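This is protein08.tsv. It holds TSV, C-alpha atoms and all ligand atoms.
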```tsv
chain	number	residue	atom	x	y	z
A	450	MET	CA	55.25	24.21	58.66
A	451	LYS	CA	58.45	26.25	58.99
A	452	THR	CA	60.98	25.62	61.72
A	453	ILE	CA	63.50	28.13	63.05
A	454	VAL	CA	66.25	27.83	65.65
A	455	CYS	CA	67.96	30.68	67.50
A	456	ALA	CA	71.46	29.28	67.88
A	457	ILE	CA	74.64	30.16	69.70
A	458	GLN	CA	76.57	27.96	72.12
A	459	LYS	CA	76.83	30.58	74.87
A	460	GLY	CA	74.32	31.66	77.49
A	461	GLY	CA	73.02	35.19	77.93
A	462	GLN	CA	73.08	36.10	74.23
A	463	GLY	CA	69.33	36.45	73.71
A	464	LYS	CA	68.30	33.09	72.23
A	465	SER	CA	65.34	32.67	74.56
A	466	MET	CA	64.42	36.37	74.38
A	467	LEU	CA	64.39	36.21	70.58
A	468	SER	CA	62.58	32.84	70.46
A	469	THR	CA	59.89	34.28	72.74
A	470	HIS	CA	59.36	37.38	70.61
A	471	LEU	CA	59.34	35.40	67.35
A	472	ALA	CA	56.62	33.19	68.80
A	473	PHE	CA	54.57	36.17	70.02
A	474	LEU	CA	54.92	38.11	66.77
A	475	ALA	CA	54.05	35.16	64.53
A	476	ALA	CA	50.97	34.50	66.71
A	477	GLU	CA	50.07	38.19	66.51
A	478	GLN	CA	50.15	37.77	62.71
A	479	GLY	CA	47.55	35.02	63.05
A	480	ARG	CA	49.89	32.06	62.91
A	481	SER	CA	49.74	28.93	64.95
A	482	VAL	CA	53.08	28.64	66.74
A	483	VAL	CA	54.70	25.77	68.61
A	484	ALA	CA	57.58	26.81	70.87
A	485	VAL	CA	59.96	24.01	71.82
A	486	ASP	CA	62.07	24.61	74.93
A	487	LEU	CA	65.21	22.50	74.58
A	488	ASP	CA	66.95	24.06	77.59
A	489	GLY	CA	66.79	22.40	81.00
A	490	GLN	CA	66.49	25.83	82.61
A	491	GLY	CA	63.09	26.31	81.00
A	492	THR	CA	63.65	29.99	80.18
A	493	LEU	CA	61.54	29.95	77.01
A	494	THR	CA	58.69	28.23	78.85
A	495	ARG	CA	58.77	30.91	81.58
A	496	ASN	CA	59.25	33.83	79.17
A	497	LEU	CA	56.11	32.79	77.33
A	498	PHE	CA	53.88	32.14	80.30
A	499	ASP	CA	54.13	33.05	83.97
A	500	GLY	CA	51.09	31.10	85.19
A	501	GLU	CA	50.94	27.52	86.40
A	502	ILE	CA	52.10	25.13	83.74
A	503	ASP	CA	52.07	21.35	84.00
A	504	ARG	CA	55.56	20.34	82.89
A	505	ASP	CA	54.48	16.71	82.59
A	506	ALA	CA	51.76	17.42	80.03
A	507	SER	CA	54.02	18.33	77.09
A	508	PRO	CA	57.63	17.69	77.97
A	509	THR	CA	60.12	18.36	75.18
A	510	LEU	CA	61.81	15.09	76.16
A	511	SER	CA	58.89	13.32	74.46
A	512	LEU	CA	60.15	14.70	71.14
A	513	PHE	CA	63.23	12.51	71.57
A	514	SER	CA	62.02	9.33	73.25
A	515	GLY	CA	58.88	7.54	74.43
A	516	SER	CA	55.41	8.35	73.17
A	517	ILE	CA	55.02	11.72	71.48
A	518	ARG	CA	52.92	14.27	73.40
A	519	ARG	CA	51.11	17.25	71.95
A	520	PRO	CA	52.09	20.81	72.87
A	521	THR	CA	50.09	22.72	75.49
A	522	THR	CA	48.22	25.75	74.13
A	523	LEU	CA	48.85	28.77	76.34
A	524	GLU	CA	45.98	30.86	77.71
A	525	LEU	CA	47.73	34.22	77.45
A	526	PRO	CA	46.54	37.33	79.34
A	527	PHE	CA	46.56	39.40	76.13
A	528	SER	CA	44.89	38.60	72.83
A	529	LEU	CA	46.63	37.29	69.73
A	530	LYS	CA	45.05	36.47	66.39
A	531	GLY	CA	46.88	33.15	66.29
A	532	SER	CA	48.05	30.87	69.08
A	533	VAL	CA	51.15	29.86	71.00
A	534	SER	CA	51.62	26.29	72.23
A	535	VAL	CA	54.62	25.05	74.13
A	536	MET	CA	56.67	21.92	74.65
A	537	THR	CA	58.12	22.61	78.07
A	538	GLY	CA	61.78	22.37	79.03
A	539	ASP	CA	63.08	20.99	82.29
A	540	ARG	CA	66.04	19.14	83.81
A	541	ARG	CA	64.95	15.78	82.37
A	542	LEU	CA	66.34	17.02	79.05
A	543	VAL	CA	69.87	15.99	80.12
A	544	GLN	CA	68.75	12.42	79.41
A	545	ILE	CA	69.04	13.28	75.72
A	546	ASP	CA	72.74	14.07	76.14
A	547	GLU	CA	73.36	11.08	78.39
A	548	THR	CA	71.55	8.41	76.35
A	549	PRO	CA	73.64	7.35	73.34
A	550	LYS	CA	70.74	5.53	71.70
A	551	ILE	CA	68.79	8.76	71.37
A	552	GLY	CA	70.05	10.12	68.05
A	553	ALA	CA	70.28	13.78	67.09
A	554	GLU	CA	67.86	13.05	64.21
A	555	ALA	CA	65.06	12.06	66.62
A	556	LEU	CA	63.73	15.62	66.90
A	557	ARG	CA	63.48	16.06	63.12
A	558	ASP	CA	61.81	12.67	62.74
A	559	ARG	CA	59.18	13.29	65.44
A	560	LEU	CA	58.51	17.03	65.20
A	561	GLY	CA	56.08	16.74	62.27
A	562	GLU	CA	53.72	14.55	64.26
A	563	CYS	CA	54.02	16.58	67.45
A	564	ALA	CA	53.53	19.97	65.78
A	565	ALA	CA	51.06	18.84	63.10
A	566	GLY	CA	49.07	21.84	61.87
A	567	ALA	CA	51.51	24.46	63.17
A	568	ASP	CA	52.62	27.27	60.87
A	569	LEU	CA	55.82	27.95	62.79
A	570	VAL	CA	57.98	25.93	65.17
A	571	VAL	CA	60.53	27.87	67.24
A	572	LEU	CA	63.36	25.80	68.74
A	573	ASP	CA	65.28	27.25	71.70
A	574	PRO	CA	68.46	25.25	72.41
A	575	PRO	CA	70.66	25.19	75.51
A	576	PRO	CA	73.91	27.19	75.58
A	577	THR	CA	76.27	24.38	74.55
A	578	LEU	CA	77.45	22.99	71.23
A	579	GLY	CA	75.98	19.60	72.11
A	580	LYS	CA	73.47	17.04	70.90
A	581	ARG	CA	70.39	19.20	71.50
A	582	LEU	CA	71.72	22.16	69.48
A	583	ARG	CA	72.74	19.74	66.74
A	584	ALA	CA	69.27	18.12	66.85
A	585	ALA	CA	67.69	21.56	66.46
A	586	LEU	CA	69.93	22.41	63.49
A	587	ILE	CA	69.05	19.07	61.87
A	588	ALA	CA	65.33	19.72	62.36
A	589	ALA	CA	65.29	23.39	61.31
A	590	ASP	CA	64.65	25.17	58.02
A	591	PHE	CA	66.24	28.41	59.26
A	592	VAL	CA	68.86	29.44	61.80
A	593	VAL	CA	69.39	32.91	63.24
A	594	MET	CA	72.27	33.70	65.60
A	595	PRO	CA	71.77	36.34	68.26
A	596	PHE	CA	75.02	37.42	69.90
A	597	VAL	CA	76.33	40.01	72.32
A	598	PRO	CA	79.19	41.99	70.78
A	599	ALA	CA	81.87	40.85	73.23
A	600	ARG	CA	85.11	39.03	72.49
A	601	GLU	CA	83.98	35.78	74.20
A	602	SER	CA	80.82	35.60	72.11
A	603	VAL	CA	82.44	36.44	68.79
A	604	ASP	CA	85.31	33.99	69.37
A	605	GLY	CA	82.85	31.08	69.38
A	606	LEU	CA	81.14	32.03	66.11
A	607	GLY	CA	83.67	30.12	63.99
A	608	ASP	CA	82.93	26.85	65.81
A	609	LEU	CA	79.20	27.49	65.48
A	610	MET	CA	79.51	28.13	61.73
A	611	ASP	CA	81.58	24.92	61.38
A	612	THR	CA	78.84	22.97	63.17
A	613	ILE	CA	76.19	24.49	60.91
A	614	GLU	CA	78.21	23.57	57.81
A	615	GLU	CA	78.67	20.01	59.11
A	616	VAL	CA	74.94	19.63	59.75
A	617	LYS	CA	74.17	20.98	56.27
A	618	ARG	CA	76.61	18.54	54.69
A	619	ASP	CA	75.61	15.44	56.66
A	620	TYR	CA	71.90	15.89	57.41
A	621	ASN	CA	70.16	19.05	56.36
A	622	PRO	CA	71.30	20.60	53.06
A	623	GLY	CA	68.25	22.88	53.01
A	624	LEU	CA	69.13	24.69	56.26
A	625	GLN	CA	69.17	28.44	55.58
A	626	VAL	CA	71.33	30.78	57.62
A	627	ILE	CA	69.40	34.02	58.17
A	628	GLY	CA	72.36	35.70	59.84
A	629	LEU	CA	73.84	37.22	62.97
A	630	LEU	CA	71.73	39.55	65.10
A	631	ALA	CA	73.65	41.84	67.43
A	632	ASN	CA	71.88	42.00	70.80
A	633	LYS	CA	72.45	43.85	74.07
A	634	VAL	CA	74.48	46.41	72.17
A	635	ASN	CA	75.77	49.35	74.18
A	636	SER	CA	75.82	52.28	71.79
A	637	ARG	CA	78.21	54.22	74.05
A	638	SER	CA	80.82	51.47	73.95
A	639	SER	CA	83.57	51.85	71.38
A	640	PHE	CA	84.45	48.17	72.00
A	641	ASP	CA	81.00	47.10	70.82
A	642	ARG	CA	81.31	49.34	67.76
A	643	ARG	CA	84.73	47.92	66.91
A	644	ILE	CA	83.60	44.30	67.24
A	645	LEU	CA	80.61	44.97	64.99
A	646	ASP	CA	82.79	46.76	62.43
A	647	ASP	CA	85.28	43.86	62.42
A	648	LEU	CA	82.48	41.34	61.94
A	649	GLN	CA	81.01	43.40	59.13
A	650	ASP	CA	84.41	43.37	57.40
A	651	ALA	CA	85.02	39.65	58.01
A	652	ALA	CA	81.56	38.43	57.00
A	653	PRO	CA	79.69	41.24	55.22
A	654	ASP	CA	76.60	39.16	54.38
A	655	MET	CA	76.15	37.66	57.83
A	656	LEU	CA	75.26	40.64	60.01
A	657	LEU	CA	71.56	41.53	59.91
A	658	PRO	CA	70.84	45.18	59.02
A	659	MET	CA	69.42	45.99	62.47
A	660	MET	CA	70.46	45.50	66.09
A	661	ILE	CA	68.91	45.40	69.54
A	662	HIS	CA	70.37	47.61	72.28
A	663	GLU	CA	70.68	46.58	75.90
A	664	ARG	CA	67.66	47.95	77.76
A	665	THR	CA	66.12	46.89	81.04
A	666	SER	CA	62.67	46.99	79.44
A	667	VAL	CA	63.63	43.93	77.38
A	668	SER	CA	64.53	41.80	80.41
A	669	GLY	CA	61.61	43.38	82.30
A	670	ALA	CA	59.14	42.25	79.63
A	671	MET	CA	60.55	38.71	79.75
A	672	ALA	CA	60.21	38.68	83.53
A	673	ILE	CA	56.45	39.31	83.19
A	674	SER	CA	56.01	37.08	80.13
A	675	ARG	CA	54.95	39.76	77.67
A	676	PRO	CA	56.34	41.02	74.38
A	677	VAL	CA	58.37	44.17	75.02
A	678	TRP	CA	56.35	46.08	72.40
A	679	LEU	CA	53.00	45.42	74.12
A	680	GLY	CA	51.51	48.57	75.65
A	681	ALA	CA	54.95	50.17	75.64
A	682	THR	CA	54.93	53.53	77.37
A	683	GLY	CA	58.00	55.69	77.92
A	684	GLU	CA	60.62	56.48	75.34
A	685	SER	CA	63.12	53.80	76.23
A	686	ARG	CA	60.51	51.06	76.34
A	687	GLN	CA	59.07	52.18	73.00
A	688	LYS	CA	62.51	52.15	71.41
A	689	ALA	CA	63.19	48.68	72.76
A	690	GLY	CA	59.82	47.45	71.52
A	691	ALA	CA	60.41	48.90	68.06
A	692	GLU	CA	63.89	47.37	67.79
A	693	VAL	CA	62.88	43.88	68.86
A	694	ARG	CA	59.83	44.00	66.62
A	695	LYS	CA	61.81	45.17	63.61
A	696	ALA	CA	64.31	42.32	64.00
A	697	CYS	CA	61.50	39.75	64.42
A	698	MET	CA	59.59	41.17	61.41
A	699	HIS	CA	62.70	40.84	59.27
A	700	ILE	CA	63.27	37.25	60.39
A	701	LEU	CA	59.64	36.19	59.90
A	702	GLN	CA	59.57	37.86	56.47
A	703	THR	CA	62.53	35.70	55.48
A	704	VAL	CA	60.91	32.56	56.90
A	705	PHE	CA	57.53	33.10	55.24
A	706	LYS	CA	58.65	34.68	51.99
A	707	ARG	CA	57.14	32.85	49.07
B	1	LIG	N1	68.46	43.56	74.48
B	1	LIG	C1	68.41	43.19	75.77
B	1	LIG	N2	68.47	44.13	76.74
B	1	LIG	C2	68.41	43.77	78.05
B	1	LIG	N3	68.32	42.52	78.50
B	1	LIG	C3	68.27	41.54	77.57
B	1	LIG	C4	68.32	41.81	76.17
B	1	LIG	N4	68.27	40.61	75.52
B	1	LIG	C5	68.18	39.64	76.46
B	1	LIG	N5	68.19	40.19	77.70
B	1	LIG	C6	68.16	39.50	78.99
B	1	LIG	O1	69.41	38.83	79.14
B	1	LIG	C7	69.23	37.58	79.79
B	1	LIG	C8	69.72	36.46	78.89
B	1	LIG	O2	68.92	36.41	77.71
B	1	LIG	P1	68.37	35.03	77.15
B	1	LIG	O3	67.50	35.32	75.99
B	1	LIG	O4	67.79	34.22	78.25
B	1	LIG	O5	69.77	34.41	76.66
B	1	LIG	P2	70.14	32.94	76.17
B	1	LIG	O6	68.86	32.22	75.87
B	1	LIG	O7	71.01	33.14	74.97
B	1	LIG	O8	70.90	32.32	77.31
B	1	LIG	C9	67.74	37.45	80.11
B	1	LIG	O9	67.51	37.94	81.39
B	1	LIG	C10	67.11	38.41	79.07
B	1	LIG	O10	65.85	38.91	79.50
B	2	MG	MG	68.10	30.45	76.66
```
I'd like the structure from this file rewritten - as structure tokens, please.
Ligand SMILES: Nc1ncnc2c1ncn2[C@@H]1O[C@H](COP(=O)(O)OP(=O)(O)O)[C@@H](O)[C@H]1O
Ligand SMILES: [Mg+2]
Amino acid sequence: MKTIVCAIQKGGQGKSMLSTHLAFLAAEQGRSVVAVDLDGQGTLTRNLFDGEIDRDASPTLSLFSGSIRRPTTLELPFSLKGSVSVMTGDRRLVQIDETPKIGAEALRDRLGECAAGADLVVLDPPPTLGKRLRAALIAADFVVMPFVPARESVDGLGDLMDTIEEVKRDYNPGLQVIGLLANKVNSRSSFDRRILDDLQDAAPDMLLPMMIHERTSVSGAMAISRPVWLGATGESRQKAGAEVRKACMHILQTVFKR
């Protein structure tokens, strides 16, 4: 079992979008995937499945306290060689932050039992540098950081890297940083270009060799709970599908390389 977290302590960067596509692509490759929604807003849960879902059957909270539940396997409206199961996120997750006796190591200690038999676990944290993001970093084998090339996003990357280093030192020396994935890039913006160039100079090994542009077909696909590359017609949609797929392929190749 390999575990990956899409991490950045800001909202709107593409964590849930990327988590969703990693889960879909790995399942398309025949893998058994468990997606763990650590955000009270439940975006990952909704991105993956737009039908009725019983949020009491497999609440992510049970990965932190109480008896451990098993993930719910999704009956998706399109066929995949493998499978996607989900631990659903909802507002009860704030209990993790508010209960001091729930430790950040709980997720790591309980995930093996919950996700037994899974090939890949995808962890989707909330947009804060809090206990749940830390728990995900402690439990993960790999971390990838999607970010929007804007000053506010890039300014927080130092704090995020410090947190990752701390977690590696104190809990999880094997955590591998895959890198930074630029998302929602506007190719016509010279600001975006400059921020990416500066990052490339400051941390040449961190920026992944591909990026995802901002396109409504990406958010549109999430709104109908489908991978953006599925049945993509129209030039813009096809480009978006190819970009997201390329980034996910690269990430999964790193995760499953022998
Ligand atoms: N490349 C993109 N182009 C257009 N919209 C995007 C793109 N990536 C993400 N989005 C949309 O932006 C919003 C925020 O993305 P999301 O993945 O939920 O961010 P986060 O989980 O980091 O808060 C969602 O509506 C999502 O569908
Ligand atoms: Mg999210």
>> With only C-alpha atoms as the counted atoms, please give the residues lying no more than 10 Å from range 604-617 of chain A, apart from itself and same-chain residues fewer than 4 positions off, as a ChimeraX atom specification.
In response: /A:456-459,578-579,582-584,586-588,592,594,596,599-600,621-626,629
> Smallest atom-to-atom distance to ligand LIG 1 (chain B): which of A:Arg504, A:Lys580, A:Arg559, A:Arg675, using all atoms listed in the file?
Replying inline: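 Among the listed residues, the smallest separation from ligand LIG 1 (chain B) belongs to A:Arg675.
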Using all atoms listed in the file, find each protein or nucleic acid residue lying at most 9 Å from ligand LIG 1 (chain B); present the set as a short mmCIF file (atom, residue, chain, number, x, y, z; two decimals) with C-alpha atoms, keeping the file's coordinate frame.
```
data_model
loop_
_atom_site.label_atom_id
_atom_site.label_comp_id
_atom_site.auth_asym_id
_atom_site.auth_seq_id
_atom_site.Cartn_x
_atom_site.Cartn_y
_atom_site.Cartn_z
CA CYS A 455 67.96 30.68 67.50
CA ALA A 456 71.46 29.28 67.88
CA ILE A 457 74.64 30.16 69.70
CA GLN A 458 76.57 27.96 72.12
CA LYS A 459 76.83 30.58 74.87
CA GLY A 460 74.32 31.66 77.49
CA GLY A 461 73.02 35.19 77.93
CA GLN A 462 73.08 36.10 74.23
CA GLY A 463 69.33 36.45 73.71
CA LYS A 464 68.30 33.09 72.23
CA SER A 465 65.34 32.67 74.56
CA MET A 466 64.42 36.37 74.38
CA LEU A 467 64.39 36.21 70.58
CA SER A 468 62.58 32.84 70.46
CA THR A 469 59.89 34.28 72.74
CA ASP A 488 66.95 24.06 77.59
CA THR A 492 63.65 29.99 80.18
CA LEU A 493 61.54 29.95 77.01
CA ASN A 496 59.25 33.83 79.17
CA ASP A 573 65.28 27.25 71.70
CA PRO A 574 68.46 25.25 72.41
CA PRO A 575 70.66 25.19 75.51
CA PRO A 576 73.91 27.19 75.58
CA PRO A 595 71.77 36.34 68.26
CA PHE A 596 75.02 37.42 69.90
CA VAL A 597 76.33 40.01 72.32
CA ALA A 631 73.65 41.84 67.43
CA ASN A 632 71.88 42.00 70.80
CA LYS A 633 72.45 43.85 74.07
CA VAL A 634 74.48 46.41 72.17
CA MET A 660 70.46 45.50 66.09
CA ILE A 661 68.91 45.40 69.54
CA HIS A 662 70.37 47.61 72.28
CA GLU A 663 70.68 46.58 75.90
CA ARG A 664 67.66 47.95 77.76
CA THR A 665 66.12 46.89 81.04
CA SER A 666 62.67 46.99 79.44
CA VAL A 667 63.63 43.93 77.38
CA SER A 668 64.53 41.80 80.41
CA GLY A 669 61.61 43.38 82.30
CA ALA A 670 59.14 42.25 79.63
CA MET A 671 60.55 38.71 79.75
CA ALA A 672 60.21 38.68 83.53
CA ALA A 689 63.19 48.68 72.76
CA GLU A 692 63.89 47.37 67.79
CA VAL A 693 62.88 43.88 68.86
#
```
> Pick from A:Ala681, A:Ile700, A:Val454, A:Ala476: nearest to ligand MG 2 (chain B), with only C-alpha atoms and all ligand atoms counted?
Replying inline: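 Ranked by minimum distance to ligand MG 2 (chain B), first place goes to A:Val454.
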> How many Å lie between CA of Pro653 in chain A and CA of Phe705 in chain A, rounded to one decimal?
Replying inline: 23.6 Å
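Proximity ranking of A:Val533, A:Leu648, A:Leu630, A:Leu572 relative to ligand MG 2 (chain B) places A:Leu572 first, based on only C-alpha atoms and all ligand atoms.
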>> Given only C-alpha atoms as the basis, pick out the residue of A:Ser602, A:Gln687, A:Ser639, A:Ser532 nearest to Gly566 in chain A.
In response: A:Ser532
> Which residue, A:Thr548, A:Thr577, A:Asp503, A:Pro598, has the smallest gap to ligand MG 2 (chain B) when you use all atoms listed in the file?
Replying inline: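 Of the candidates, the smallest distance to ligand MG 2 (chain B) is held by A:Thr577.
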>> Set the distance at 6 Å and use only C-alpha atoms: which residues neighbour Ile453 in chain A once local chain neighbours fewer than 4 positions away are removed? I'd like the list as an MDAnalysis selection string.
In response: chainID A and resid 571 589:592
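Reported to one decimal place, the separation of CA of Ser481 in chain A from CA of Leu525 in chain A is 13.7 Å.
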>> What's the separation between CA of Gly538 in chain A and CA of Thr494 in chain A, in Å to one decimal place?
In response: 6.6 Å
From the structure just shown, export range 681-707 of chain A with C-alpha atoms as a PDB file, in the first residue's frame.
```pdb
ATOM      1  CA  ALA A 681     -13.249  14.915 -23.751  1.00  0.00           C
ATOM      2  CA  THR A 682     -14.535  16.651 -26.854  1.00  0.00           C
ATOM      3  CA  GLY A 683     -13.499  20.127 -27.967  1.00  0.00           C
ATOM      4  CA  GLU A 684      -9.970  21.427 -28.104  1.00  0.00           C
ATOM      5  CA  SER A 685      -9.862  23.155 -24.745  1.00  0.00           C
ATOM      6  CA  ARG A 686     -11.335  20.190 -22.908  1.00  0.00           C
ATOM      7  CA  GLN A 687      -8.900  17.814 -24.612  1.00  0.00           C
ATOM      8  CA  LYS A 688      -5.960  20.000 -23.667  1.00  0.00           C
ATOM      9  CA  ALA A 689      -7.143  20.168 -20.070  1.00  0.00           C
ATOM     10  CA  GLY A 690      -7.624  16.399 -19.976  1.00  0.00           C
ATOM     11  CA  ALA A 691      -4.155  15.783 -21.398  1.00  0.00           C
ATOM     12  CA  GLU A 692      -2.489  18.157 -18.928  1.00  0.00           C
ATOM     13  CA  VAL A 693      -4.170  16.760 -15.832  1.00  0.00           C
ATOM     14  CA  ARG A 694      -3.519  13.216 -16.997  1.00  0.00           C
ATOM     15  CA  LYS A 695       0.141  13.897 -17.715  1.00  0.00           C
ATOM     16  CA  ALA A 696       0.675  15.340 -14.230  1.00  0.00           C
ATOM     17  CA  CYS A 697      -1.143  12.401 -12.585  1.00  0.00           C
ATOM     18  CA  MET A 698       0.802   9.858 -14.699  1.00  0.00           C
ATOM     19  CA  HIS A 699       4.071  11.437 -13.595  1.00  0.00           C
ATOM     20  CA  ILE A 700       3.038  11.374  -9.938  1.00  0.00           C
ATOM     21  CA  LEU A 701       1.788   7.768 -10.038  1.00  0.00           C
ATOM     22  CA  GLN A 702       4.945   6.667 -11.860  1.00  0.00           C
ATOM     23  CA  THR A 703       6.975   8.099  -8.986  1.00  0.00           C
ATOM     24  CA  VAL A 704       4.746   6.445  -6.387  1.00  0.00           C
ATOM     25  CA  PHE A 705       4.767   3.003  -8.003  1.00  0.00           C
ATOM     26  CA  LYS A 706       8.289   2.962  -9.387  1.00  0.00           C
ATOM     27  CA  ARG A 707      10.080  -0.147  -8.272  1.00  0.00           C
TER      28      ARG A 707
END
```
